[in-house]
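Engineer: My structure is stored as final.pdb, with PDB, C-alpha atoms and all ligand atoms.
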```pdb
ATOM      1  CA  MET A   7      13.949 -14.146 -24.454
ATOM      2  CA  GLN A   8      10.343 -15.204 -24.833
ATOM      3  CA  ASN A   9      10.274 -16.425 -21.249
ATOM      4  CA  ASN A  10      11.626 -13.115 -20.034
ATOM      5  CA  HIS A  11       8.902 -11.259 -21.842
ATOM      6  CA  LYS A  12       6.321 -13.433 -20.116
ATOM      7  CA  ALA A  13       7.871 -12.903 -16.712
ATOM      8  CA  LEU A  14       8.043  -9.161 -17.354
ATOM      9  CA  GLN A  15       4.428  -9.057 -18.492
ATOM     10  CA  ALA A  16       3.311 -11.034 -15.431
ATOM     11  CA  THR A  17       5.258  -8.664 -13.167
ATOM     12  CA  CYS A  18       3.743  -5.583 -14.820
ATOM     13  CA  ASP A  19       0.273  -7.107 -14.455
ATOM     14  CA  ARG A  20       0.885  -7.665 -10.740
ATOM     15  CA  ILE A  21       2.125  -4.070 -10.365
ATOM     16  CA  ALA A  22      -0.995  -2.747 -12.105
ATOM     17  CA  GLN A  23      -3.195  -4.881  -9.882
ATOM     18  CA  ALA A  24      -1.472  -3.756  -6.677
ATOM     19  CA  ALA A  25      -1.777  -0.113  -7.768
ATOM     20  CA  HIS A  26      -5.434  -0.557  -8.619
ATOM     21  CA  HIS A  27      -6.034  -2.256  -5.279
ATOM     22  CA  ALA A  28      -4.496   0.720  -3.491
ATOM     23  CA  GLY A  29      -6.429   3.243  -5.593
ATOM     24  CA  ARG A  30      -3.210   4.497  -7.142
ATOM     25  CA  SER A  31      -2.308   5.274 -10.727
ATOM     26  CA  VAL A  32       0.256   2.919 -12.215
ATOM     27  CA  GLU A  33       1.928   5.949 -13.818
ATOM     28  CA  GLU A  34       3.229   6.973 -10.385
ATOM     29  CA  ILE A  35       5.337   3.810 -10.256
ATOM     30  CA  THR A  36       8.676   3.419 -12.015
ATOM     31  CA  VAL A  37       9.847  -0.149 -12.528
ATOM     32  CA  ILE A  38      13.592  -0.605 -12.175
ATOM     33  CA  ALA A  39      14.645  -3.935 -13.679
ATOM     34  CA  VAL A  40      17.534  -5.045 -11.472
ATOM     35  CA  SER A  41      19.938  -6.594 -13.967
ATOM     36  CA  LYS A  42      22.858  -7.530 -11.680
ATOM     37  CA  GLN A  43      24.544 -10.744 -12.857
ATOM     38  CA  LYS A  44      22.431 -10.687 -16.035
ATOM     39  CA  SER A  45      23.923 -10.440 -19.514
ATOM     40  CA  ILE A  46      23.764  -7.629 -22.051
ATOM     41  CA  GLU A  47      21.481  -9.838 -24.186
ATOM     42  CA  GLU A  48      19.073 -10.346 -21.307
ATOM     43  CA  ILE A  49      19.022  -6.608 -20.606
ATOM     44  CA  LEU A  50      18.410  -5.858 -24.285
ATOM     45  CA  ALA A  51      15.433  -8.205 -24.357
ATOM     46  CA  ILE A  52      13.834  -6.377 -21.438
ATOM     47  CA  TYR A  53      14.694  -3.008 -22.978
ATOM     48  CA  GLN A  54      13.048  -4.066 -26.241
ATOM     49  CA  ALA A  55       9.954  -4.983 -24.254
ATOM     50  CA  GLY A  56       9.728  -1.344 -23.151
ATOM     51  CA  ILE A  57      11.585  -1.065 -19.824
ATOM     52  CA  ARG A  58      13.933   1.938 -19.618
ATOM     53  CA  HIS A  59      15.205   1.835 -16.018
ATOM     54  CA  PHE A  60      17.804  -0.720 -14.936
ATOM     55  CA  GLY A  61      19.509  -1.306 -11.590
ATOM     56  CA  GLU A  62      23.035  -2.431 -10.760
ATOM     57  CA  ASN A  63      24.844  -2.726  -7.443
ATOM     58  CA  ARG A  64      28.475  -3.175  -8.490
ATOM     59  CA  ARG A  65      30.665  -0.514  -9.980
ATOM     60  CA  GLU A  66      32.535  -2.737 -12.482
ATOM     61  CA  GLU A  67      29.352  -4.316 -13.744
ATOM     62  CA  LEU A  68      27.612  -0.956 -14.124
ATOM     63  CA  GLN A  69      30.540   0.451 -16.040
ATOM     64  CA  LYS A  70      30.822  -2.535 -18.374
ATOM     65  CA  LYS A  71      27.112  -2.602 -19.180
ATOM     66  CA  ALA A  72      26.716   1.170 -19.467
ATOM     67  CA  VAL A  73      29.556   1.309 -21.977
ATOM     68  CA  ALA A  74      28.171  -1.626 -23.974
ATOM     69  CA  LEU A  75      24.706  -0.056 -24.118
ATOM     70  CA  GLN A  76      25.615   3.620 -24.407
ATOM     71  CA  HIS A  77      23.933   3.871 -27.823
ATOM     72  CA  LEU A  78      20.568   3.452 -26.044
ATOM     73  CA  THR A  79      20.373   7.052 -24.905
ATOM     74  CA  ASP A  80      17.039   6.714 -23.126
ATOM     75  CA  LEU A  81      18.220   3.817 -20.945
ATOM     76  CA  LYS A  82      18.651   4.973 -17.330
ATOM     77  CA  TRP A  83      20.982   3.281 -14.845
ATOM     78  CA  HIS A  84      20.181   3.212 -11.153
ATOM     79  CA  PHE A  85      22.978   2.399  -8.730
ATOM     80  CA  ILE A  86      21.243   0.590  -5.880
ATOM     81  CA  GLY A  87      24.030  -0.809  -3.701
ATOM     82  CA  HIS A  88      26.382   0.323  -0.970
ATOM     83  CA  LEU A  89      29.206   2.336  -2.524
ATOM     84  CA  GLN A  90      32.720   2.825  -1.173
ATOM     85  CA  THR A  91      33.972   6.371  -1.599
ATOM     86  CA  ARG A  92      37.036   5.300  -3.587
ATOM     87  CA  GLN A  93      34.751   3.577  -6.127
ATOM     88  CA  SER A  94      32.437   6.502  -6.673
ATOM     89  CA  GLN A  95      33.957   7.916  -9.854
ATOM     90  CA  ALA A  96      32.450   5.349 -12.231
ATOM     91  CA  VAL A  97      29.073   5.624 -10.568
ATOM     92  CA  VAL A  98      29.031   9.386 -11.013
ATOM     93  CA  GLN A  99      30.046   8.866 -14.601
ATOM     94  CA  TYR A 100      27.603   6.121 -15.584
ATOM     95  CA  ALA A 101      24.621   6.095 -13.227
ATOM     96  CA  HIS A 102      21.637   8.402 -13.676
ATOM     97  CA  TYR A 103      20.215   7.782 -10.185
ATOM     98  CA  PHE A 104      21.802   6.778  -6.874
ATOM     99  CA  HIS A 105      19.669   4.964  -4.297
ATOM    100  CA  ALA A 106      22.134   4.403  -1.479
ATOM    101  CA  VAL A 107      23.099   7.618   0.286
ATOM    102  CA  ASP A 108      23.658   5.742   3.544
ATOM    103  CA  ARG A 109      26.136   8.154   5.164
ATOM    104  CA  LEU A 110      27.282  11.756   4.826
ATOM    105  CA  LYS A 111      30.679  10.863   3.465
ATOM    106  CA  ILE A 112      29.367   9.258   0.285
ATOM    107  CA  ALA A 113      27.084  12.242  -0.348
ATOM    108  CA  GLU A 114      30.027  14.625  -0.008
ATOM    109  CA  ARG A 115      32.151  12.528  -2.335
ATOM    110  CA  LEU A 116      29.448  12.301  -5.013
ATOM    111  CA  SER A 117      28.816  16.026  -4.794
ATOM    112  CA  THR A 118      32.490  16.870  -5.276
ATOM    113  CA  GLN A 119      32.789  14.614  -8.295
ATOM    114  CA  LEU A 120      29.549  15.846  -9.830
ATOM    115  CA  LEU A 121      30.844  19.407  -9.562
ATOM    116  CA  GLN A 122      34.036  18.403 -11.354
ATOM    117  CA  LEU A 123      32.058  16.797 -14.186
ATOM    118  CA  ASN A 124      29.488  19.601 -14.202
ATOM    119  CA  GLN A 125      26.640  17.113 -13.718
ATOM    120  CA  GLU A 126      23.718  16.586 -11.372
ATOM    121  CA  MET A 127      22.362  13.437  -9.803
ATOM    122  CA  PRO A 128      19.005  12.539  -8.290
ATOM    123  CA  VAL A 129      19.556  10.520  -5.105
ATOM    124  CA  PHE A 130      17.659   8.634  -2.442
ATOM    125  CA  ILE A 131      18.518   8.665   1.252
ATOM    126  CA  GLN A 132      18.784   5.030   2.330
ATOM    127  CA  VAL A 133      17.223   4.266   5.705
ATOM    128  CA  ASN A 134      17.195   1.174   7.894
ATOM    129  CA  ILE A 135      13.558   0.901   8.937
ATOM    130  CA  SER A 136      13.716  -2.592  10.447
ATOM    131  CA  GLY A 137      16.757  -2.183  12.710
ATOM    132  CA  GLU A 138      18.320  -5.337  11.241
ATOM    133  CA  ASP A 139      22.119  -5.197  11.637
ATOM    134  CA  SER A 140      22.757  -6.391   8.094
ATOM    135  CA  LYS A 141      20.799  -3.513   6.548
ATOM    136  CA  GLY A 142      22.512  -0.299   5.590
ATOM    137  CA  GLY A 143      21.278   3.237   5.884
ATOM    138  CA  PHE A 144      20.395   5.813   8.510
ATOM    139  CA  LEU A 145      18.783   4.017  11.437
ATOM    140  CA  VAL A 146      15.112   4.966  11.746
ATOM    141  CA  ASP A 147      13.608   1.824  13.278
ATOM    142  CA  ASN A 148      12.086   3.793  16.162
ATOM    143  CA  TRP A 149      11.831   7.318  14.724
ATOM    144  CA  GLN A 150       8.297   8.009  15.955
ATOM    145  CA  LYS A 151       9.183   7.446  19.621
ATOM    146  CA  ASP A 152      12.884   8.242  19.650
ATOM    147  CA  SER A 153      13.085  11.945  18.885
ATOM    148  CA  GLN A 154      16.871  11.845  18.883
ATOM    149  CA  GLN A 155      16.835   9.294  16.079
ATOM    150  CA  PHE A 156      14.449  11.454  14.061
ATOM    151  CA  GLN A 157      16.431  14.648  14.746
ATOM    152  CA  SER A 158      19.645  12.985  13.720
ATOM    153  CA  LEU A 159      18.111  11.983  10.376
ATOM    154  CA  ILE A 160      16.825  15.531   9.890
ATOM    155  CA  GLN A 161      20.267  16.956  10.539
ATOM    156  CA  SER A 162      21.863  14.578   8.060
ATOM    157  CA  ILE A 163      19.312  15.463   5.388
ATOM    158  CA  GLU A 164      19.827  19.164   6.080
ATOM    159  CA  THR A 165      23.536  18.738   5.455
ATOM    160  CA  ILE A 166      23.066  16.619   2.329
ATOM    161  CA  ALA A 167      20.550  19.098   0.952
ATOM    162  CA  THR A 168      23.163  21.851   1.015
ATOM    163  CA  LEU A 169      25.642  19.826  -1.062
ATOM    164  CA  PRO A 170      25.843  21.034  -4.654
ATOM    165  CA  ARG A 171      24.546  18.925  -7.545
ATOM    166  CA  LEU A 172      22.675  16.326  -5.468
ATOM    167  CA  LYS A 173      18.917  16.349  -5.774
ATOM    168  CA  ILE A 174      17.212  14.402  -2.985
ATOM    169  CA  LEU A 175      14.232  12.561  -4.476
ATOM    170  CA  GLY A 176      13.157  10.754  -1.321
ATOM    171  CA  LEU A 177      13.853   7.661   0.759
ATOM    172  CA  MET A 178      15.012   4.158  -0.101
ATOM    173  CA  THR A 179      14.890   1.040   2.037
ATOM    174  CA  MET A 180      15.398  -2.701   1.923
ATOM    175  CA  ALA A 181      13.041  -4.855   3.943
ATOM    176  CA  PRO A 182      14.238  -7.903   5.893
ATOM    177  CA  PHE A 183      14.526 -11.000   3.746
ATOM    178  CA  ASP A 184      12.393 -13.293   5.874
ATOM    179  CA  ALA A 185       9.718 -10.938   7.212
ATOM    180  CA  SER A 186       6.040 -11.932   7.213
ATOM    181  CA  SER A 187       3.532 -10.006   5.090
ATOM    182  CA  GLU A 188       2.243  -8.324   8.247
ATOM    183  CA  THR A 189       5.720  -7.134   9.204
ATOM    184  CA  LEU A 190       6.413  -5.954   5.657
ATOM    185  CA  ARG A 191       3.134  -4.042   5.584
ATOM    186  CA  TYR A 192       3.995  -2.419   8.911
ATOM    187  CA  LEU A 193       7.513  -1.465   7.765
ATOM    188  CA  PHE A 194       6.451  -0.074   4.382
ATOM    189  CA  ASN A 195       3.608   1.904   5.957
ATOM    190  CA  ASN A 196       6.093   3.244   8.484
ATOM    191  CA  MET A 197       8.304   4.353   5.561
ATOM    192  CA  LYS A 198       5.372   6.246   4.088
ATOM    193  CA  MET A 199       4.735   7.979   7.422
ATOM    194  CA  LEU A 200       8.404   8.872   7.752
ATOM    195  CA  SER A 201       8.385  10.236   4.219
ATOM    196  CA  MET A 202       5.391  12.444   5.020
ATOM    197  CA  ALA A 203       6.969  13.650   8.266
ATOM    198  CA  LEU A 204      10.093  14.643   6.335
ATOM    199  CA  GLN A 205       8.102  16.431   3.659
ATOM    200  CA  GLU A 206       6.595  18.489   6.451
ATOM    201  CA  GLN A 207      10.079  19.258   7.795
ATOM    202  CA  PHE A 208      11.449  20.132   4.377
ATOM    203  CA  PRO A 209       8.616  21.645   2.353
ATOM    204  CA  LEU A 210      11.056  23.158  -0.126
ATOM    205  CA  LEU A 211      12.858  19.901  -0.967
ATOM    206  CA  SER A 212      10.155  17.996  -2.797
ATOM    207  CA  MET A 213      11.428  14.639  -1.481
ATOM    208  CA  LYS A 214       8.324  12.577  -1.925
ATOM    209  CA  GLU A 215       9.590   9.512  -3.780
ATOM    210  CA  LEU A 216       9.844   6.102  -2.108
ATOM    211  CA  SER A 217      12.206   3.461  -3.479
ATOM    212  CA  MET A 218      11.055   0.222  -1.902
ATOM    213  CA  GLY A 219       9.800  -3.209  -2.925
ATOM    214  CA  MET A 220      11.704  -6.109  -4.518
ATOM    215  CA  SER A 221      10.560  -9.317  -6.203
ATOM    216  CA  ARG A 222       9.175 -10.880  -3.053
ATOM    217  CA  ASP A 223       7.451  -7.832  -1.586
ATOM    218  CA  PHE A 224       6.720  -5.239  -4.304
ATOM    219  CA  GLU A 225       2.945  -5.572  -4.092
ATOM    220  CA  ILE A 226       2.938  -4.727  -0.382
ATOM    221  CA  ALA A 227       5.361  -1.851  -1.037
ATOM    222  CA  ILE A 228       3.113  -0.448  -3.787
ATOM    223  CA  GLU A 229       0.077  -0.641  -1.539
ATOM    224  CA  ALA A 230       2.032   1.391   1.032
ATOM    225  CA  GLY A 231       3.050   4.059  -1.517
ATOM    226  CA  ALA A 232       6.249   2.948  -3.284
ATOM    227  CA  THR A 233       7.007   5.056  -6.381
ATOM    228  CA  TYR A 234      10.152   3.181  -7.509
ATOM    229  CA  VAL A 235      10.224  -0.614  -7.260
ATOM    230  CA  ARG A 236      13.505  -2.502  -7.758
ATOM    231  CA  ILE A 237      12.690  -5.877  -9.254
ATOM    232  CA  GLY A 238      15.287  -8.438 -10.311
ATOM    233  CA  SER A 239      14.472 -12.126 -10.170
ATOM    234  CA  ALA A 240      10.742 -11.775 -10.910
ATOM    235  CA  ILE A 241      11.676 -10.215 -14.278
ATOM    236  CA  PHE A 242      14.975 -11.916 -15.167
ATOM    237  CA  GLY A 243      14.664 -15.237 -13.325
ATOM    238  CA  GLU A 244      16.701 -16.323 -10.304
ATOM    239  CA  ARG A 245      20.330 -15.299 -10.051
ATOM    240  CA  VAL A 246      22.952 -18.029  -9.809
ATOM    241  CA  LYS A 247      24.813 -16.777  -6.745
TER     242      LYS A 247
HETATM  243  C1  LIG B   1      19.249  -7.353  -5.858
HETATM  244  C2  LIG B   1      18.520  -6.161  -5.367
HETATM  245  C3  LIG B   1      17.164  -5.955  -5.680
HETATM  246  C4  LIG B   1      16.327  -6.920  -6.500
HETATM  247  O1  LIG B   1      16.188  -8.152  -5.843
HETATM  248  P1  LIG B   1      15.135  -9.256  -6.356
HETATM  249  O2  LIG B   1      14.797 -10.010  -5.116
HETATM  250  O3  LIG B   1      15.853 -10.093  -7.346
HETATM  251  O4  LIG B   1      13.979  -8.553  -6.923
HETATM  252  C5  LIG B   1      16.567  -4.787  -5.223
HETATM  253  N1  LIG B   1      17.225  -3.890  -4.483
HETATM  254  C6  LIG B   1      18.526  -4.051  -4.146
HETATM  255  C7  LIG B   1      19.197  -3.007  -3.333
HETATM  256  C8  LIG B   1      19.207  -5.202  -4.577
HETATM  257  O5  LIG B   1      20.496  -5.347  -4.226
END
```
Reformat the file's structure so that it appears as structure tokens.

Structural biologist:
Amino acid sequence: MQNNHKALQATCDRIAQAAHHAGRSVEEITVIAVSKQKSIEEILAIYQAGIRHFGENRREELQKKAVALQHLTDLKWHFIGHLQTRQSQAVVQYAHYFHAVDRLKIAERLSTQLLQLNQEMPVFIQVNISGEDSKGGFLVDNWQKDSQQFQSLIQSIETIATLPRLKILGLMTMAPFDASSETLRYLFNNMKMLSMALQEQFPLLSMKELSMGMSRDFEIAIEAGATYVRIGSAIFGERVK
């Protein structure tokens, strides 16, 4: 527990430093402690240290932990992984935010279920900014030059924006695992430019949030404008698998 507090403090210090370096206020940045594969006790320790946002990427694990911790009414769960439509019920029920709208079908499914439960959900549109095959999301690796790619994203967002009960907060991405700092800087800056281009397209949808940055790259993401960082191992220690 003590070690976790130290790791959390060190991470928060690095976030504050990166924000300061970029001339940004640290209040603009929400830290999501990614607790996948971590125990209820480990989550509680981080909660007691003041963190209120937690991230999970598996439906069963989210459900189990959300039920166990439901007495902590200010704890917010972020679902950050790819979601199959047939598994969406528990996510609608237990998650407060959804970061992985990577296709129309999942948006439609969430919207239908939210209507049934009379709930709303803030969501992020997941984009693939690097073009890596293994990365999910709407492909935007060449959006500035390829107008068809950009138009296709715009059309998808237009459709998603009309779905009831979904509130689009902004964009989410995952950077390549092995990219250099230069490449990461380029990709995260490109995300910021894409985000601004979309805000111009959709002035009425205030979709200005950027969910990007993980343990190995959150400082670069913050310098480029990230407003939600998803940090697992730097806070909780390495995962086993
Ligand atoms: C696991 C995961 C993270 C956190 O990864 P770390 O490298 O442990 O910080 C962030 N985002 C997503 C989508 C993840 O699956």

Engineer: Just give me the gap between atom CA of A:Ala22 and atom CA of A:Ile228 in Å, one decimal is fine.

Structural biologist: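 Between atom CA of A:Ala22 and atom CA of A:Ile228 the gap works out to 9.6 Å.
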
Engineer: In Å, rounded to a single decimal, give me how far atom CA of A:Tyr103 is from atom CA of A:Thr79.

Structural biologist: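 Distance reported for this atom pair: 14.7 Å.
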
Engineer: Kindly assemble as a Markdown table a list of the chain A residues that lie within 7 Å of ligand LIG 1 (chain B), each paired with its nearest atom pair and their distance in Å to one decimal, using all atoms listed in the file, sorted first by chain and then by ascending residue number.

Structural biologist:
```
| residue | atom | partner | partner_atom | distance |
| --- | --- | --- | --- | --- |
| A:Val40 | CA | B:LIG1 | C4 | 5.4 |
| A:Lys42 | CA | B:LIG1 | C1 | 6.9 |
| A:Asn63 | CA | B:LIG1 | O5 | 6.0 |
| A:Ile86 | CA | B:LIG1 | C7 | 4.9 |
| A:Gly87 | CA | B:LIG1 | C7 | 5.3 |
| A:Met180 | CA | B:LIG1 | C7 | 6.5 |
| A:Met220 | CA | B:LIG1 | O4 | 4.1 |
| A:Ser221 | CA | B:LIG1 | O4 | 3.6 |
| A:Arg222 | CA | B:LIG1 | O2 | 6.1 |
| A:Arg236 | CA | B:LIG1 | C5 | 4.6 |
| A:Ile237 | CA | B:LIG1 | O4 | 3.8 |
| A:Gly238 | CA | B:LIG1 | O3 | 3.4 |
| A:Ser239 | CA | B:LIG1 | O3 | 3.7 |
| A:Ala240 | CA | B:LIG1 | O4 | 6.1 |
| A:Glu244 | CA | B:LIG1 | O3 | 6.9 |
```

Engineer: Could the residues in this selection be saved with C-alpha atoms as an mmCIF file, in the coordinates of the input?

Structural biologist:
```cif
data_model
loop_
_atom_site.group_PDB
_atom_site.id
_atom_site.type_symbol
_atom_site.label_atom_id
_atom_site.label_comp_id
_atom_site.auth_asym_id
_atom_site.auth_seq_id
_atom_site.Cartn_x
_atom_site.Cartn_y
_atom_site.Cartn_z
ATOM 1 C CA VAL A 40 17.534 -5.045 -11.472
ATOM 2 C CA LYS A 42 22.858 -7.530 -11.680
ATOM 3 C CA ASN A 63 24.844 -2.726 -7.443
ATOM 4 C CA ILE A 86 21.243 0.590 -5.880
ATOM 5 C CA GLY A 87 24.030 -0.809 -3.701
ATOM 6 C CA MET A 180 15.398 -2.701 1.923
ATOM 7 C CA MET A 220 11.704 -6.109 -4.518
ATOM 8 C CA SER A 221 10.560 -9.317 -6.203
ATOM 9 C CA ARG A 222 9.175 -10.880 -3.053
ATOM 10 C CA ARG A 236 13.505 -2.502 -7.758
ATOM 11 C CA ILE A 237 12.690 -5.877 -9.254
ATOM 12 C CA GLY A 238 15.287 -8.438 -10.311
ATOM 13 C CA SER A 239 14.472 -12.126 -10.170
ATOM 14 C CA ALA A 240 10.742 -11.775 -10.910
ATOM 15 C CA GLU A 244 16.701 -16.323 -10.304
#
```

Engineer: What is the atom CA of A:His77 to atom CA of A:Val32 distance in Å?

Structural biologist: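 Value for the atom CA of A:His77-atom CA of A:Val32 distance: 28.4 Å.
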
Engineer: For this structure, which residues satisfy the selection - the PyMOL selection byres (((chain A and resi 14) around 9) and not hetatm) - when it is evaluated on the file as given? I want them as a PyMOL selection string.

Structural biologist: chain A and resi 9-13+15-19+52+55+240-242

Engineer: Restricting the calculation to only C-alpha atoms, which member of A:Lys71, A:Arg245, A:Lys214, A:Arg20 is positioned closest to A:Met202?

Structural biologist: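 Closest to A:Met202 of all the choices is A:Lys214.
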
Engineer: Could you tell me, as a VMD selection string, exactly which residues end up selected when the PyMOL selection byres (((chain A and resi 173-175) around 9) and not hetatm) is applied to this structure?

Structural biologist: chain A and resid 126 to 131 163 166 to 167 169 to 172 176 to 177 211 to 216

Engineer: Which polymer residues have any atom within 10 Å of an atom of A:Glu34, counting all atoms listed in the file, with same-chain residues fewer than 4 positions away left out, as a count of residues only?

Structural biologist: 8

Engineer: Show me, as AutoDock Vina command-line options, the centre and edge lengths in Å to one decimal of the axis-aligned box that covers every listed atom of stretch 147-158 of chain A with 6 Å on each side.

Structural biologist:
```
--center_x 14.0 --center_y 8.2 --center_z 16.5 --size_x 23.3 --size_y 24.8 --size_z 18.4
```

Engineer: Looking at only C-alpha atoms, which of A:Ser136, A:Asn195, A:Gln119, A:Ser153 is the one that sits closest to A:Gln93?

Structural biologist: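 Closest residue, counting only C-alpha atoms: A:Gln119.
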
Engineer: Do you know which residues are at most 10 Å from A:Glu66 counting only C-alpha atoms, after dropping those on the same chain fewer than 4 positions away, and could you put them as a PyMOL selection string?

Structural biologist: chain A and resi 62+70-72+93+96-97

Engineer: Could you take the residues named above and write them with C-alpha atoms, as a compact mmCIF listing (two decimals), in the frame of the given file?

Structural biologist:
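Result went into out10.txt, see below:
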```
# COMPACT_ATOMS: atom_id res chain seq x y z
CA GLU A 62 23.04 -2.43 -10.76
CA LYS A 70 30.82 -2.54 -18.37
CA LYS A 71 27.11 -2.60 -19.18
CA ALA A 72 26.72 1.17 -19.47
CA GLN A 93 34.75 3.58 -6.13
CA ALA A 96 32.45 5.35 -12.23
CA VAL A 97 29.07 5.62 -10.57
```

Engineer: Since the input lacks some atoms of stretch 91-115 of chain A, please model N, CA and C atoms and print them as a tab-separated table (two decimals), in the coordinates of the input.

Structural biologist:
```tsv
chain	number	residue	atom	x	y	z
A	91	THR	N	33.64	5.05	-1.04
A	91	THR	CA	33.97	6.37	-1.60
A	91	THR	C	35.00	6.26	-2.72
A	92	ARG	N	35.99	5.37	-2.55
A	92	ARG	CA	37.04	5.30	-3.59
A	92	ARG	C	36.52	4.70	-4.90
A	93	GLN	N	35.30	4.15	-4.89
A	93	GLN	CA	34.75	3.58	-6.13
A	93	GLN	C	33.69	4.47	-6.76
A	94	SER	N	33.59	5.70	-6.28
A	94	SER	CA	32.44	6.50	-6.67
A	94	SER	C	32.55	7.12	-8.08
A	95	GLN	N	33.77	7.22	-8.58
A	95	GLN	CA	33.96	7.92	-9.85
A	95	GLN	C	33.11	7.32	-10.99
A	96	ALA	N	33.18	5.99	-11.13
A	96	ALA	CA	32.45	5.35	-12.23
A	96	ALA	C	30.94	5.50	-12.05
A	97	VAL	N	30.51	5.51	-10.82
A	97	VAL	CA	29.07	5.62	-10.57
A	97	VAL	C	28.59	7.02	-10.96
A	98	VAL	N	29.38	8.02	-10.61
A	98	VAL	CA	29.03	9.39	-11.01
A	98	VAL	C	29.00	9.49	-12.54
A	99	GLN	N	29.92	8.79	-13.15
A	99	GLN	CA	30.05	8.87	-14.60
A	99	GLN	C	28.92	8.13	-15.33
A	100	TYR	N	28.51	6.97	-14.81
A	100	TYR	CA	27.60	6.12	-15.58
A	100	TYR	C	26.18	6.02	-15.04
A	101	ALA	N	25.98	6.27	-13.76
A	101	ALA	CA	24.62	6.10	-13.23
A	101	ALA	C	23.82	7.39	-13.37
A	102	HIS	N	22.52	7.24	-13.59
A	102	HIS	CA	21.64	8.40	-13.68
A	102	HIS	C	20.95	8.68	-12.34
A	103	TYR	N	20.83	7.65	-11.50
A	103	TYR	CA	20.22	7.78	-10.18
A	103	TYR	C	21.07	7.01	-9.18
A	104	PHE	N	21.08	7.49	-7.93
A	104	PHE	CA	21.80	6.78	-6.87
A	104	PHE	C	20.85	6.56	-5.70
A	105	HIS	N	20.67	5.29	-5.32
A	105	HIS	CA	19.67	4.96	-4.30
A	105	HIS	C	20.25	4.75	-2.90
A	106	ALA	N	21.54	4.88	-2.74
A	106	ALA	CA	22.13	4.40	-1.48
A	106	ALA	C	22.98	5.45	-0.77
A	107	VAL	N	22.42	6.64	-0.58
A	107	VAL	CA	23.10	7.62	0.29
A	107	VAL	C	22.86	7.14	1.72
A	108	ASP	N	23.83	6.37	2.24
A	108	ASP	CA	23.66	5.74	3.54
A	108	ASP	C	24.53	6.38	4.62
A	109	ARG	N	25.29	7.42	4.23
A	109	ARG	CA	26.14	8.15	5.16
A	109	ARG	C	26.53	9.47	4.51
A	110	LEU	N	26.93	10.44	5.35
A	110	LEU	CA	27.28	11.76	4.83
A	110	LEU	C	28.45	11.70	3.86
A	111	LYS	N	29.42	10.88	4.22
A	111	LYS	CA	30.68	10.86	3.46
A	111	LYS	C	30.46	10.55	1.98
A	112	ILE	N	29.58	9.61	1.69
A	112	ILE	CA	29.37	9.26	0.28
A	112	ILE	C	28.65	10.40	-0.44
A	113	ALA	N	27.78	11.10	0.26
A	113	ALA	CA	27.08	12.24	-0.35
A	113	ALA	C	28.09	13.34	-0.69
A	114	GLU	N	29.02	13.59	0.23
A	114	GLU	CA	30.03	14.62	-0.01
A	114	GLU	C	30.91	14.26	-1.20
A	115	ARG	N	31.28	12.99	-1.25
A	115	ARG	CA	32.15	12.53	-2.34
A	115	ARG	C	31.45	12.65	-3.70
```
